[in-house]
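Pasting protein_17.csv here (CSV, C-alpha atoms):
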```
chain,number,residue,atom,x,y,z
A,267,ARG,CA,37.9,-17.3,-34.9
A,268,ARG,CA,34.5,-18.3,-33.3
A,269,ASP,CA,35.9,-17.3,-29.9
A,270,LEU,CA,37.0,-13.9,-31.2
A,271,ASN,CA,33.6,-13.3,-32.7
A,272,LEU,CA,32.0,-14.3,-29.4
A,273,LEU,CA,34.3,-12.0,-27.5
A,274,MET,CA,33.5,-9.0,-29.8
A,275,PHE,CA,29.8,-9.8,-29.4
A,276,ASN,CA,30.0,-10.0,-25.6
A,277,GLN,CA,31.8,-6.7,-25.4
A,278,SER,CA,29.6,-4.9,-27.8
A,279,ILE,CA,26.2,-5.7,-26.1
A,280,PRO,CA,26.7,-3.7,-22.9
A,281,PHE,CA,28.2,-0.8,-24.8
A,282,VAL,CA,25.1,-0.6,-27.0
A,283,GLY,CA,23.1,0.1,-23.9
A,284,PHE,CA,25.7,2.6,-22.7
A,285,GLY,CA,25.6,4.4,-26.0
A,286,ILE,CA,21.8,4.6,-26.1
A,287,MET,CA,21.6,5.9,-22.5
A,288,ASP,CA,24.5,8.3,-22.9
A,289,ASN,CA,23.4,10.0,-26.2
A,290,ALA,CA,19.7,10.0,-25.3
A,291,ILE,CA,20.2,11.7,-22.0
A,292,LEU,CA,22.8,14.1,-23.4
A,293,ILE,CA,20.3,15.2,-26.1
A,294,LEU,CA,17.3,15.5,-23.8
A,295,ALA,CA,19.3,17.3,-21.0
A,296,GLY,CA,21.1,19.5,-23.4
A,297,ASP,CA,17.9,20.6,-25.1
A,298,ALA,CA,16.2,21.3,-21.8
A,299,ILE,CA,19.1,23.4,-20.6
A,300,ASP,CA,19.4,25.2,-23.9
A,301,THR,CA,15.7,26.2,-23.9
A,302,SER,CA,15.8,27.3,-20.2
A,303,LEU,CA,19.2,28.4,-18.9
A,304,GLY,CA,20.2,29.2,-22.5
A,305,VAL,CA,17.5,31.7,-22.9
A,306,THR,CA,17.6,33.1,-19.3
A,307,LEU,CA,21.3,33.4,-18.9
A,308,GLY,CA,22.3,33.6,-22.5
A,309,ILE,CA,24.6,30.6,-22.5
A,310,SER,CA,25.5,29.1,-25.9
A,311,THR,CA,24.2,25.9,-27.3
A,312,LEU,CA,27.6,24.3,-27.0
A,313,CYS,CA,27.7,25.2,-23.3
A,314,ALA,CA,24.3,23.6,-22.9
A,315,ALA,CA,25.5,20.5,-24.6
A,316,ALA,CA,28.6,20.3,-22.4
A,317,ILE,CA,26.3,20.5,-19.3
A,318,GLY,CA,24.1,17.9,-20.8
A,319,ASN,CA,27.2,15.7,-21.3
A,320,ILE,CA,28.0,16.0,-17.6
A,321,ILE,CA,24.5,14.9,-16.7
A,322,SER,CA,24.7,11.9,-19.1
A,323,ASP,CA,28.1,10.9,-17.7
A,324,LEU,CA,26.8,11.0,-14.1
A,325,ALA,CA,23.8,8.9,-15.3
A,326,GLY,CA,26.2,6.5,-16.9
A,327,VAL,CA,28.0,6.0,-13.5
A,328,GLY,CA,24.8,5.4,-11.7
A,329,LEU,CA,23.2,3.1,-14.4
A,330,GLY,CA,26.3,1.3,-15.5
A,331,THR,CA,25.8,-1.6,-13.1
A,332,VAL,CA,22.1,-1.8,-14.1
A,333,ILE,CA,23.1,-2.3,-17.7
A,334,GLU,CA,25.8,-4.8,-16.9
A,335,ASP,CA,23.4,-6.8,-14.7
A,336,PHE,CA,20.8,-6.9,-17.4
A,337,CYS,CA,23.4,-8.1,-20.0
A,338,SER,CA,24.6,-10.8,-17.6
A,339,LYS,CA,21.0,-12.2,-17.6
A,340,LEU,CA,20.9,-12.6,-21.4
A,341,ASN,CA,22.9,-15.9,-21.2
A,342,ILE,CA,25.1,-14.9,-24.1
A,343,PRO,CA,27.6,-17.7,-24.9
A,344,GLN,CA,31.1,-16.9,-23.5
A,345,PRO,CA,34.3,-17.4,-25.5
A,346,ASN,CA,36.5,-20.3,-24.3
A,347,LEU,CA,39.8,-18.4,-23.9
A,348,SER,CA,42.6,-19.1,-21.5
A,349,GLN,CA,44.4,-16.3,-19.6
A,350,ALA,CA,47.4,-16.5,-21.9
A,351,GLN,CA,45.1,-16.3,-25.0
A,352,ARG,CA,43.5,-13.2,-23.6
A,353,GLN,CA,46.9,-11.4,-23.7
A,354,LEU,CA,47.3,-12.0,-27.4
A,355,ARG,CA,47.1,-8.9,-29.6
A,356,SER,CA,44.3,-10.3,-31.7
A,357,VAL,CA,42.2,-11.0,-28.7
A,358,ARG,CA,42.8,-7.5,-27.3
A,359,PHE,CA,42.0,-6.0,-30.6
A,360,ALA,CA,38.7,-8.0,-30.9
A,361,ASN,CA,37.9,-6.8,-27.4
A,362,GLN,CA,38.4,-3.1,-28.3
A,363,PHE,CA,36.7,-3.4,-31.6
A,364,GLY,CA,33.6,-4.9,-29.9
A,365,CYS,CA,33.5,-2.0,-27.5
A,366,ALA,CA,33.9,0.6,-30.3
A,367,LEU,CA,31.2,-1.2,-32.4
A,368,GLY,CA,28.8,-1.4,-29.6
A,369,ILE,CA,29.2,2.2,-28.5
A,370,THR,CA,28.8,3.4,-32.1
A,371,ILE,CA,25.6,1.5,-32.6
A,372,GLY,CA,24.3,2.6,-29.3
A,373,CYS,CA,25.0,6.3,-29.9
A,374,ILE,CA,23.3,6.1,-33.3
A,375,ILE,CA,20.2,4.5,-31.7
A,376,GLY,CA,20.4,7.0,-28.8
A,377,MET,CA,19.8,9.9,-31.3
A,378,PHE,CA,16.1,8.9,-31.4
A,379,PRO,CA,15.0,12.0,-29.2
A,380,LEU,CA,15.9,14.1,-32.2
A,381,LEU,CA,12.8,12.7,-33.9
A,382,PHE,CA,10.6,14.4,-31.3
A,383,ILE,CA,12.5,17.5,-30.3
A,384,ASP,CA,11.9,20.9,-32.0
A,385,THR,CA,15.6,21.6,-32.8
A,386,GLY,CA,14.8,25.2,-33.7
A,387,LYS,CA,12.9,26.0,-30.5
A,388,ALA,CA,16.0,27.2,-28.5
A,389,ASP,CA,17.1,29.6,-31.3
A,390,LYS,CA,13.6,31.0,-31.6
A,391,LEU,CA,13.3,31.6,-27.8
A,392,LYS,CA,16.8,33.2,-27.7
A,393,GLU,CA,15.8,35.5,-30.7
A,394,GLU,CA,12.6,36.4,-29.0
A,395,ALA,CA,14.4,37.2,-25.7
A,396,HIS,CA,16.9,39.4,-27.6
A,397,LEU,CA,14.1,41.2,-29.5
A,398,GLU,CA,12.2,41.7,-26.2
A,399,THR,CA,15.3,43.4,-24.8
A,400,ILE,CA,15.6,45.6,-27.9
A,401,PHE,CA,11.9,46.5,-27.7
A,402,SER,CA,12.2,47.4,-24.0
A,403,ASP,CA,15.2,49.7,-24.7
A,404,MET,CA,13.3,51.3,-27.6
A,405,LEU,CA,10.3,52.1,-25.3
A,406,THR,CA,12.6,53.7,-22.7
A,407,GLU,CA,14.6,55.7,-25.3
A,408,ALA,CA,11.5,56.9,-27.1
A,409,VAL,CA,10.0,58.5,-24.0
A,410,GLU,CA,13.2,60.3,-23.3
A,411,LEU,CA,13.8,61.2,-27.0
A,412,ILE,CA,10.5,62.9,-27.7
A,413,GLY,CA,9.5,63.8,-24.2
A,414,ALA,CA,6.2,61.9,-24.4
A,415,GLN,CA,4.1,60.9,-21.3
A,416,HIS,CA,3.6,57.5,-22.7
A,417,THR,CA,4.8,55.3,-25.6
A,418,CYS,CA,3.6,52.0,-26.9
A,419,LEU,CA,5.5,49.8,-29.5
A,420,TYR,CA,3.4,47.7,-31.8
A,421,THR,CA,4.5,44.8,-34.0
A,422,VAL,CA,2.3,43.3,-36.8
A,423,VAL,CA,1.4,39.7,-36.0
A,424,ASP,CA,-0.7,37.0,-37.8
A,425,ASN,CA,-2.5,35.5,-34.7
A,426,GLU,CA,-3.9,37.0,-31.5
A,427,LYS,CA,-1.5,34.9,-29.4
A,428,ASP,CA,1.7,35.8,-31.3
A,429,SER,CA,4.1,38.4,-30.0
A,430,MET,CA,6.9,38.4,-32.5
A,431,PRO,CA,6.8,40.4,-35.8
A,432,SER,CA,5.2,38.4,-38.7
A,433,PRO,CA,7.5,37.7,-41.6
A,434,SER,CA,4.5,36.9,-43.8
A,435,ALA,CA,2.9,40.3,-43.0
A,436,THR,CA,6.0,42.1,-44.2
A,437,ARG,CA,5.7,40.3,-47.5
A,438,ASN,CA,2.1,41.4,-47.7
A,439,LYS,CA,0.6,37.9,-47.9
A,440,GLU,CA,-3.2,37.7,-48.0
A,441,GLY,CA,-4.6,37.3,-44.6
A,442,ALA,CA,-1.4,38.1,-42.8
A,443,GLY,CA,-0.9,40.8,-40.2
A,444,LYS,CA,-4.4,40.8,-38.7
A,445,TYR,CA,-3.3,41.9,-35.3
A,446,LEU,CA,-1.0,44.3,-33.5
A,447,HIS,CA,0.9,43.1,-30.5
A,448,GLY,CA,1.8,46.1,-28.2
A,449,ARG,CA,4.3,46.6,-25.5
A,450,TYR,CA,4.3,49.5,-23.1
A,451,ILE,CA,5.9,50.3,-19.8
A,452,SER,CA,3.7,50.3,-16.7
A,453,PRO,CA,4.1,52.8,-13.9
A,454,SER,CA,6.0,50.2,-11.9
A,455,GLY,CA,8.5,49.9,-14.7
A,456,ASP,CA,7.4,46.5,-16.1
A,457,VAL,CA,6.9,45.8,-19.8
A,458,MET,CA,3.2,45.0,-20.3
A,459,HIS,CA,1.7,43.3,-23.4
A,460,CYS,CA,-1.5,43.8,-25.3
A,461,THR,CA,-3.1,42.7,-28.6
A,462,VAL,CA,-5.5,44.6,-30.8
A,463,PRO,CA,-7.0,43.7,-34.2
A,464,VAL,CA,-6.1,45.8,-37.2
A,465,ASP,CA,-9.6,47.1,-37.9
A,466,ARG,CA,-10.3,50.3,-36.0
A,467,GLY,CA,-8.7,53.3,-34.5
A,468,ILE,CA,-6.0,55.8,-35.6
A,469,LEU,CA,-3.4,53.2,-35.0
A,470,SER,CA,-4.9,50.8,-37.5
A,471,ARG,CA,-5.2,53.6,-40.0
A,472,ALA,CA,-1.5,54.4,-39.7
A,473,VAL,CA,-0.6,50.8,-40.1
A,474,LYS,CA,-2.7,50.2,-43.2
A,475,LYS,CA,-1.5,53.4,-44.9
A,476,ALA,CA,2.0,53.1,-43.7
A,477,LYS,CA,2.1,56.8,-42.9
A,478,CYS,CA,2.9,59.0,-39.9
A,479,ILE,CA,-0.2,60.5,-38.3
A,480,ASN,CA,0.2,63.4,-35.9
A,481,VAL,CA,-3.1,64.2,-34.0
A,482,LYS,CA,-3.2,67.3,-31.9
A,483,ASP,CA,-6.5,66.4,-30.2
A,484,ALA,CA,-6.9,62.6,-30.2
A,485,LYS,CA,-10.2,62.5,-28.4
A,486,SER,CA,-11.9,64.6,-31.1
A,487,HIS,CA,-10.5,62.7,-34.0
A,488,PRO,CA,-13.2,60.7,-35.8
A,489,ASP,CA,-11.0,57.5,-36.0
A,490,PHE,CA,-10.0,57.6,-32.3
A,491,HIS,CA,-10.9,54.4,-30.5
A,492,TYR,CA,-9.8,54.2,-26.9
A,493,GLU,CA,-9.4,50.4,-26.6
A,494,SER,CA,-7.4,50.2,-29.8
A,495,ASP,CA,-5.3,53.3,-29.7
A,496,LEU,CA,-4.4,53.3,-26.0
A,497,LEU,CA,-5.4,49.8,-24.7
A,498,GLY,CA,-5.7,51.2,-21.2
A,499,PRO,CA,-2.1,52.1,-20.4
A,500,MET,CA,-3.3,55.6,-19.4
A,501,PRO,CA,-6.7,57.2,-18.6
A,502,GLN,CA,-8.6,58.6,-21.5
A,503,GLU,CA,-9.1,61.9,-19.8
A,504,LYS,CA,-5.4,62.5,-19.9
A,505,VAL,CA,-5.1,61.9,-23.6
A,506,ASN,CA,-4.1,65.0,-25.6
A,507,SER,CA,-1.9,64.8,-28.7
A,508,MET,CA,-0.8,61.4,-30.2
A,509,LEU,CA,1.9,60.6,-32.7
A,510,PHE,CA,1.7,57.3,-34.8
A,511,VAL,CA,5.0,56.4,-36.6
A,512,PRO,CA,5.2,53.2,-38.7
A,513,VAL,CA,8.8,51.9,-38.7
```

Could you render the structure from this file as structure tokens?
Amino acid sequence: RRDLNLLMFNQSIPFVGFGIMDNAILILAGDAIDTSLGVTLGISTLCAAAIGNIISDLAGVGLGTVIEDFCSKLNIPQPNLSQAQRQLRSVRFANQFGCALGITIGCIIGMFPLLFIDTGKADKLKEEAHLETIFSDMLTEAVELIGAQHTCLYTVVDNEKDSMPSPSATRNKEGAGKYLHGRYISPSGDVMHCTVPVDRGILSRAVKKAKCINVKDAKSHPDFHYESDLLGPMPQEKVNSMLFVPV
């Protein structure tokens, strides 16, 4: 029985190392792929995990001998079994059980990267990329729909560096929605970004009152503020009528 326990222990130790390495690399590689290629190419999280598994398997092939050499230097007592005894079913079962126990413990320990990884980051980035595509289409369609020279789409945000709509602002929480993040299409066709505070201009007035404002002569309007209402996408001298529509 002592020899069977030693056999299980000897088989489990290397597989603990394999499990730690395999699961840790899989999680780190899968998360990196999901937050990069997953957002850029639109691949699913499962696909990113599968690619991460390929990377961890390749790492296992390369680092397998390193782990085995390390374990051989631990001077763990070896079971005193003859060649005939090693063919017994109980011995083979102990060998397999040791491998299974070691890989299970190693994989559990190898999940430690989850303590430091933002598991919701990939979903947030994919949602933002999807919304950016929708916003870009909206800008293009709005110009063609109403025949405007220029359109700019604003979303209410809490902080100056935010670009996505603020859920807290939609619930009218105090202090929420202090800025407007704008998107407009440049003459070269690129989507440009800008941010303005909700405190001046006809734009801010439309946001605060949640009403449509149609101004025939924007430059003569008392609330008109060039930096807030246009933010520089077109020269002020070319500004005529403006339409502000809260959605």

- [ ] Dig up all the protein and nucleic acid residues within 12 Å of (8.7, 59.4, -23.8) in the file frame, using all atoms listed in the file, and format them as a ChimeraX atom specification.
- [x] /A:403-419,450-451,508-509

Hey, what's within 6 Å of Met274 of chain A if we count all atoms listed in the file and toss same-chain stuff fewer than 6 positions away? As an MDAnalysis selection string, please? chainID A and resid 360:361 364

#### Entry: Among the residues A:Leu340, A:Met287, A:Phe359, A:Leu294, the one that comes closest to Gly328 of chain A [using all atoms listed in the file]
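Selected residue with least distance to Gly328 of chain A: A:Met287.
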
Atomic distance atom CA of Met377 of chain A - atom CA of Ile286 of chain A, expressed in Å with one decimal: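 The value is 7.7 Å.
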
Next on the checklist: Given all atoms listed in the file as the basis, pick out the residue of A:Phe378, A:Phe336, A:Tyr420, A:Phe275 nearest to Met458 of chain A.
Outcome noted: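 Among A:Phe378, A:Phe336, A:Tyr420, A:Phe275, it is A:Tyr420 that comes nearest to Met458 of chain A.
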
Separating atom CA of Cys337 of chain A from atom CA of Ile279 of chain A, to the nearest tenth of an Å, is a gap of 7.1 Å

- prompt: What is the distance, in Å and to one decimal place, between atom CA of Gln362 of chain A and atom CA of Ile375 of chain A?
  reply: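 Separation of atom CA of Gln362 of chain A and atom CA of Ile375 of chain A: 20.0 Å.
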
Residue contacts of Val282 of chain A (9 Å, all atoms listed in the file) excluding same-chain residues fewer than 4 positions away, as a VMD selection string: chain A and resid 278 286 to 287 365 367 to 373 375

Hey, which bits of segment 267-353 of chain A sit within 10 Å of segment 384-396 of chain A, and for each residue what's the closest pair of atoms and how far apart in Å (one decimal), counting all atoms listed in the file, rows by chain and increasing number, as a tab-separated table?
```
residue	atom	partner	partner_atom	distance
A:Asp297	CA	A:Ala388	CA	7.7
A:Ala298	CA	A:Ala388	CA	8.9
A:Ile299	CA	A:Ala388	CA	9.3
A:Asp300	CA	A:Ala388	CA	6.1
A:Thr301	CA	A:Ala388	CA	4.7
A:Ser302	CA	A:Ala388	CA	8.3
A:Gly304	CA	A:Lys392	CA	7.4
A:Val305	CA	A:Lys392	CA	5.1
A:Thr306	CA	A:Ala395	CA	8.2
A:Leu307	CA	A:Lys392	CA	9.9
A:Gly308	CA	A:Lys392	CA	7.6
A:Ile309	CA	A:Lys392	CA	9.7
A:Ser310	CA	A:Lys392	CA	9.8
A:Thr311	CA	A:Ala388	CA	8.4
```

- Message: Tell me which residues come within 8 Å of (22.5, -5.0, -18.4), as an NGL selection string, counting all atoms listed in the file in the file's coordinates.
- Response: :A and (280 or 283 or 330-339)

Would you export the selected residues with C-alpha atoms as a PDB file, in the frame of the given file, please?
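Heads up, here's the output in out03.pdb:
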```pdb
ATOM      1  CA  PRO A 280      26.700  -3.700 -22.900  1.00  0.00           C
ATOM      2  CA  GLY A 283      23.100   0.100 -23.900  1.00  0.00           C
ATOM      3  CA  GLY A 330      26.300   1.300 -15.500  1.00  0.00           C
ATOM      4  CA  THR A 331      25.800  -1.600 -13.100  1.00  0.00           C
ATOM      5  CA  VAL A 332      22.100  -1.800 -14.100  1.00  0.00           C
ATOM      6  CA  ILE A 333      23.100  -2.300 -17.700  1.00  0.00           C
ATOM      7  CA  GLU A 334      25.800  -4.800 -16.900  1.00  0.00           C
ATOM      8  CA  ASP A 335      23.400  -6.800 -14.700  1.00  0.00           C
ATOM      9  CA  PHE A 336      20.800  -6.900 -17.400  1.00  0.00           C
ATOM     10  CA  CYS A 337      23.400  -8.100 -20.000  1.00  0.00           C
ATOM     11  CA  SER A 338      24.600 -10.800 -17.600  1.00  0.00           C
ATOM     12  CA  LYS A 339      21.000 -12.200 -17.600  1.00  0.00           C
TER      13      LYS A 339
END
```

With distances taken over only C-alpha atoms, the candidate from A:His459, A:Leu273, A:Ala472, A:Phe490 nearest Ser356 of chain A is A:Leu273

For Ala314 of chain A, the closest of A:Gly296, A:Gly326, A:Ser429, A:Val473 counting only C-alpha atoms is A:Gly296

Judged by all atoms listed in the file, the minimum distance to Ile342 of chain A among A:Val357, A:Ala366, A:Leu272, A:Ile383 is found for A:Leu272

Mind completing segment 382-404 of chain A with N, CA, C and O atoms? Output as a JSON list (two decimals), keeping the file's coordinate frame, please?
```json
[["chain", "number", "residue", "atom", "x", "y", "z"],
["A", 382, "PHE", "N", 11.70, 13.77, -32.02],
["A", 382, "PHE", "CA", 10.60, 14.40, -31.30],
["A", 382, "PHE", "C", 10.86, 15.79, -30.82],
["A", 382, "PHE", "O", 9.95, 16.50, -30.40],
["A", 383, "ILE", "N", 12.12, 16.20, -30.86],
["A", 383, "ILE", "CA", 12.50, 17.50, -30.30],
["A", 383, "ILE", "C", 12.45, 18.56, -31.42],
["A", 383, "ILE", "O", 12.88, 18.32, -32.55],
["A", 384, "ASP", "N", 11.93, 19.72, -31.07],
["A", 384, "ASP", "CA", 11.90, 20.90, -32.00],
["A", 384, "ASP", "C", 13.33, 21.50, -31.89],
["A", 384, "ASP", "O", 13.63, 22.26, -30.97],
["A", 385, "THR", "N", 14.20, 21.18, -32.85],
["A", 385, "THR", "CA", 15.60, 21.60, -32.80],
["A", 385, "THR", "C", 15.74, 23.15, -32.97],
["A", 385, "THR", "O", 16.78, 23.71, -32.62],
["A", 386, "GLY", "N", 14.71, 23.79, -33.50],
["A", 386, "GLY", "CA", 14.80, 25.20, -33.70],
["A", 386, "GLY", "C", 14.17, 26.03, -32.56],
["A", 386, "GLY", "O", 14.19, 27.27, -32.59],
["A", 387, "LYS", "N", 13.63, 25.34, -31.55],
["A", 387, "LYS", "CA", 12.90, 26.00, -30.50],
["A", 387, "LYS", "C", 13.86, 26.93, -29.67],
["A", 387, "LYS", "O", 13.51, 28.07, -29.35],
["A", 388, "ALA", "N", 15.05, 26.42, -29.33],
["A", 388, "ALA", "CA", 16.00, 27.20, -28.50],
["A", 388, "ALA", "C", 16.41, 28.48, -29.23],
["A", 388, "ALA", "O", 16.44, 29.56, -28.63],
["A", 389, "ASP", "N", 16.72, 28.37, -30.52],
["A", 389, "ASP", "CA", 17.10, 29.60, -31.30],
["A", 389, "ASP", "C", 15.99, 30.57, -31.36],
["A", 389, "ASP", "O", 16.21, 31.79, -31.27],
["A", 390, "LYS", "N", 14.76, 30.07, -31.51],
["A", 390, "LYS", "CA", 13.60, 31.00, -31.60],
["A", 390, "LYS", "C", 13.40, 31.69, -30.25],
["A", 390, "LYS", "O", 13.15, 32.90, -30.22],
["A", 391, "LEU", "N", 13.53, 30.95, -29.13],
["A", 391, "LEU", "CA", 13.30, 31.60, -27.80],
["A", 391, "LEU", "C", 14.44, 32.59, -27.54],
["A", 391, "LEU", "O", 14.17, 33.66, -26.96],
["A", 392, "LYS", "N", 15.69, 32.28, -27.94],
["A", 392, "LYS", "CA", 16.80, 33.20, -27.70],
["A", 392, "LYS", "C", 16.58, 34.49, -28.57],
["A", 392, "LYS", "O", 16.86, 35.60, -28.12],
["A", 393, "GLU", "N", 16.10, 34.30, -29.80],
["A", 393, "GLU", "CA", 15.80, 35.50, -30.70],
["A", 393, "GLU", "C", 14.72, 36.32, -30.08],
["A", 393, "GLU", "O", 14.81, 37.55, -30.09],
["A", 394, "GLU", "N", 13.68, 35.67, -29.55],
["A", 394, "GLU", "CA", 12.60, 36.40, -29.00],
["A", 394, "GLU", "C", 13.04, 37.17, -27.73],
["A", 394, "GLU", "O", 12.64, 38.33, -27.51],
["A", 395, "ALA", "N", 13.89, 36.53, -26.90],
["A", 395, "ALA", "CA", 14.40, 37.20, -25.70],
["A", 395, "ALA", "C", 15.26, 38.41, -26.10],
["A", 395, "ALA", "O", 15.20, 39.47, -25.46],
["A", 396, "HIS", "N", 16.05, 38.25, -27.17],
["A", 396, "HIS", "CA", 16.90, 39.40, -27.60],
["A", 396, "HIS", "C", 16.04, 40.50, -28.17],
["A", 396, "HIS", "O", 16.30, 41.67, -27.87],
["A", 397, "LEU", "N", 14.98, 40.16, -28.92],
["A", 397, "LEU", "CA", 14.10, 41.20, -29.50],
["A", 397, "LEU", "C", 13.33, 41.89, -28.34],
["A", 397, "LEU", "O", 13.11, 43.10, -28.40],
["A", 398, "GLU", "N", 12.93, 41.13, -27.32],
["A", 398, "GLU", "CA", 12.20, 41.70, -26.20],
["A", 398, "GLU", "C", 13.11, 42.78, -25.50],
["A", 398, "GLU", "O", 12.65, 43.84, -25.08],
["A", 399, "THR", "N", 14.41, 42.48, -25.38],
["A", 399, "THR", "CA", 15.30, 43.40, -24.80],
["A", 399, "THR", "C", 15.46, 44.69, -25.63],
["A", 399, "THR", "O", 15.46, 45.82, -25.12],
["A", 400, "ILE", "N", 15.53, 44.49, -26.95],
["A", 400, "ILE", "CA", 15.60, 45.60, -27.90],
["A", 400, "ILE", "C", 14.33, 46.48, -27.79],
["A", 400, "ILE", "O", 14.38, 47.71, -27.72],
["A", 401, "PHE", "N", 13.17, 45.81, -27.78],
["A", 401, "PHE", "CA", 11.90, 46.50, -27.70],
["A", 401, "PHE", "C", 11.79, 47.33, -26.41],
["A", 401, "PHE", "O", 11.31, 48.47, -26.41],
["A", 402, "SER", "N", 12.23, 46.73, -25.31],
["A", 402, "SER", "CA", 12.20, 47.40, -24.00],
["A", 402, "SER", "C", 13.07, 48.67, -24.04],
["A", 402, "SER", "O", 12.67, 49.74, -23.54],
["A", 403, "ASP", "N", 14.26, 48.53, -24.63],
["A", 403, "ASP", "CA", 15.20, 49.70, -24.70],
["A", 403, "ASP", "C", 14.55, 50.77, -25.63],
["A", 403, "ASP", "O", 14.68, 51.98, -25.35],
["A", 404, "MET", "N", 13.89, 50.35, -26.70],
["A", 404, "MET", "CA", 13.30, 51.30, -27.60],
["A", 404, "MET", "C", 12.16, 52.09, -26.91],
["A", 404, "MET", "O", 12.03, 53.31, -27.10]]
```
